[in-house]
Structures are given as structure tokens and as C-alpha cells.
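What follows is start-v4.pdb (PDB, C-alpha atoms).
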```pdb
ATOM      1  CA  MET F 960       0.000   0.000   0.000
ATOM      2  CA  VAL F 961       1.253   3.446  -0.880
ATOM      3  CA  GLN F 962       1.745   5.766   2.074
ATOM      4  CA  VAL F 963       2.080   9.513   1.554
ATOM      5  CA  THR F 964       2.020  12.669   3.663
ATOM      6  CA  ALA F 965      -0.999  14.947   3.445
ATOM      7  CA  THR F 966       1.180  17.681   1.929
ATOM      8  CA  GLU F 967       2.538  15.367  -0.767
ATOM      9  CA  PHE F 968      -0.971  14.079  -1.466
ATOM     10  CA  ALA F 969      -2.318  17.599  -1.931
ATOM     11  CA  LYS F 970       0.556  18.602  -4.226
ATOM     12  CA  ASN F 971       0.233  15.505  -6.416
ATOM     13  CA  PHE F 972      -3.462  14.693  -6.188
ATOM     14  CA  GLY F 973      -3.697  13.508  -9.813
ATOM     15  CA  ARG F 974      -0.900  11.008  -9.343
ATOM     16  CA  TYR F 975      -2.451   9.523  -6.197
ATOM     17  CA  ARG F 976      -5.922   9.516  -7.735
ATOM     18  CA  GLU F 977      -4.523   7.174 -10.384
ATOM     19  CA  GLU F 978      -2.619   5.155  -7.786
ATOM     20  CA  ALA F 979      -5.840   4.635  -5.799
ATOM     21  CA  GLN F 980      -7.298   2.802  -8.790
ATOM     22  CA  ARG F 981      -4.693   0.076  -8.198
ATOM     23  CA  GLU F 982      -4.459   0.072  -4.403
ATOM     24  CA  PRO F 983      -5.513   2.218  -1.416
ATOM     25  CA  VAL F 984      -3.362   5.240  -0.614
ATOM     26  CA  ALA F 985      -2.703   5.858   3.097
ATOM     27  CA  ILE F 986      -2.485   9.571   3.915
ATOM     28  CA  THR F 987      -0.416  10.504   6.937
ATOM     29  CA  SER F 988      -0.132  13.605   9.040
ATOM     30  CA  HIS F 989       2.564  14.031  11.682
ATOM     31  CA  GLY F 990       3.582  10.382  11.263
ATOM     32  CA  ARG F 991       0.097   8.941  11.821
ATOM     33  CA  THR F 992      -2.357   7.665   9.248
ATOM     34  CA  SER F 993      -5.215  10.135   9.028
ATOM     35  CA  GLY F 994      -7.202   8.503   6.222
ATOM     36  CA  TYR F 995      -7.222   6.462   3.062
ATOM     37  CA  PHE F 996      -7.937   7.360  -0.545
ATOM     38  CA  VAL F 997      -9.582   4.458  -2.356
ATOM     39  CA  SER F 998     -11.122   3.724  -5.731
ATOM     40  CA  PRO F 999     -14.888   3.825  -6.233
ATOM     41  CA  TYR F1000     -14.818   0.027  -6.529
ATOM     42  CA  GLU F1001     -13.103  -0.356  -3.123
ATOM     43  CA  TYR F1002     -15.557   2.059  -1.518
ATOM     44  CA  ALA F1003     -18.566   0.238  -3.018
ATOM     45  CA  GLU F1004     -17.172  -3.028  -1.668
ATOM     46  CA  LEU F1005     -16.866  -1.493   1.805
ATOM     47  CA  VAL F1006     -20.477  -0.287   1.665
ATOM     48  CA  ARG F1007     -21.617  -3.740   0.488
ATOM     49  CA  LEU F1008     -19.792  -5.492   3.336
ATOM     50  CA  ARG F1009     -21.158  -3.091   5.936
ATOM     51  CA  ALA F1010     -24.670  -4.057   4.872
ATOM     52  CA  PHE F1011     -23.915  -7.531   6.286
ATOM     53  CA  GLU F1012     -22.914  -6.251   9.719
ATOM     54  CA  ARG F1013     -24.965  -7.571  12.587
ATOM     55  CA  ARG F1014     -27.356  -5.103  14.078
ATOM     56  CA  VAL F1015     -28.162  -5.389  17.752
ATOM     57  CA  TYR F1016     -31.237  -3.839  19.360
ATOM     58  CA  ARG F1017     -32.456  -3.605  22.927
ATOM     59  CA  ILE F1018     -35.871  -5.209  23.049
ATOM     60  CA  GLU F1019     -37.524  -1.860  23.783
ATOM     61  CA  GLU F1020     -35.790  -0.330  20.743
ATOM     62  CA  LEU F1021     -36.672  -3.161  18.336
ATOM     63  CA  PRO F1022     -38.354  -1.703  15.246
ATOM     64  CA  GLU F1023     -41.945  -2.874  14.822
ATOM     65  CA  ASN F1024     -41.321  -4.424  11.390
ATOM     66  CA  ILE F1025     -38.497  -6.592  12.779
ATOM     67  CA  ALA F1026     -40.529  -7.621  15.847
ATOM     68  CA  GLN F1027     -43.416  -8.602  13.570
ATOM     69  CA  ALA F1028     -41.109 -10.575  11.255
ATOM     70  CA  ILE F1029     -39.726 -12.493  14.248
ATOM     71  CA  SER F1030     -43.177 -13.280  15.636
ATOM     72  CA  GLU F1031     -44.380 -14.522  12.232
ATOM     73  CA  ALA F1032     -41.267 -16.588  11.442
ATOM     74  CA  GLU F1033     -41.722 -20.317  10.948
ATOM     75  CA  MET F1034     -39.136 -23.036  10.786
ATOM     76  CA  ASP F1035     -38.724 -24.842   7.508
ATOM     77  CA  PRO F1036     -40.568 -28.203   7.840
ATOM     78  CA  LYS F1037     -37.453 -30.117   6.779
ATOM     79  CA  HIS F1038     -35.934 -29.176  10.170
ATOM     80  CA  GLU F1039     -38.926 -30.340  12.217
ATOM     81  CA  HIS F1040     -36.970 -33.375  13.473
ATOM     82  CA  ARG F1041     -34.811 -31.010  15.507
ATOM     83  CA  ASN F1042     -37.729 -30.168  17.772
ATOM     84  CA  ALA F1043     -37.442 -33.698  19.174
ATOM     85  CA  LEU F1044     -33.942 -32.831  20.372
ATOM     86  CA  LEU F1045     -35.394 -30.045  22.507
ATOM     87  CA  ASP F1046     -37.890 -32.400  24.148
ATOM     88  CA  LYS F1047     -35.123 -34.551  25.681
TER      89      LYS F1047
END
```
The structure given in the file should be rewritten as C-alpha cells.
Amino acid sequence: MVQVTATEFAKNFGRYREEAQREPVAITSHGRTSGYFVSPYEYAELVRLRAFERRVYRIEELPENIAQAISEAEMDPKHEHRNALLDK
């Protein structure tokens, strides 16, 4: 991954814009990474992966549509045999 100071990045934006199409560019300030410049593809991939993140709610904060979906959920009949395991 390319690492560049914020000053260098600002002076040569065009160069690093092209570089970001190949790999992320880490931008540093005072020796610490302050951000990354990535291609639209990389950003879209990040957004896509974040959509899969688990969401956790307190029961009192559970949105009505999710609570309703849970209460109406039914197990697929092909897994019915597993209920017998709970009876033991």
C-alpha cells in the first residue's frame, strides 16, 4: 500500500488519484495515518460489506417491522426433526 504525507498528497493529487485505482493510498499527518484514498470500486465493496454487519437492538428499541417478522417466522418443515432434540 502506498503511504504519503498529506502535503505530498495535496501537491500531487492527480498522481495519487490514479494510484488509488490500483491500491488504497494511506495519507499521513505528523507520522500517523489520518485517512485512506480508495477507488470507487473499493468504496462500493466497503459499503456492500457493511450491509452484512450484525445489528443489535435492545428489546424496547426493536423496530416494529423486525418484531413482527420475528413473531411470524416459521421453521422450515425439513428441520422439524430437531424439535425432538429439545424435548429430551
Long-range neighbours of stretch 977-993 of chain F as a list in words, 7 Å cut-off, only C-alpha atoms, 6 positions minimum in chain: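 The filter keeps Met960, Val961, Gln962, Val963, Thr964 and Ala965 of chain F.
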Any chance you could export the current selection's C-alpha atoms as a JSON list (two decimals), in the frame of the given file?
```json
[["chain", "number", "residue", "atom", "x", "y", "z"],
["F", 960, "MET", "CA", 0.00, 0.00, 0.00],
["F", 961, "VAL", "CA", 1.25, 3.45, -0.88],
["F", 962, "GLN", "CA", 1.74, 5.77, 2.07],
["F", 963, "VAL", "CA", 2.08, 9.51, 1.55],
["F", 964, "THR", "CA", 2.02, 12.67, 3.66],
["F", 965, "ALA", "CA", -1.00, 14.95, 3.44]]
```
Rounded to one decimal in Å, what is the spacing between atom CA of F:Tyr975 and atom CA of F:Phe996?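 Those two atoms sit 8.2 Å apart.
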Atom CA of F:Tyr995 to atom CA of F:Arg976, distance in Å rounded to a single decimal: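 Separation of atom CA of F:Tyr995 and atom CA of F:Arg976: 11.3 Å.
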Quick check, in Å to one decimal: how far apart do atom CA of F:Arg974 and atom CA of F:Glu1001 lie? 17.8 Å
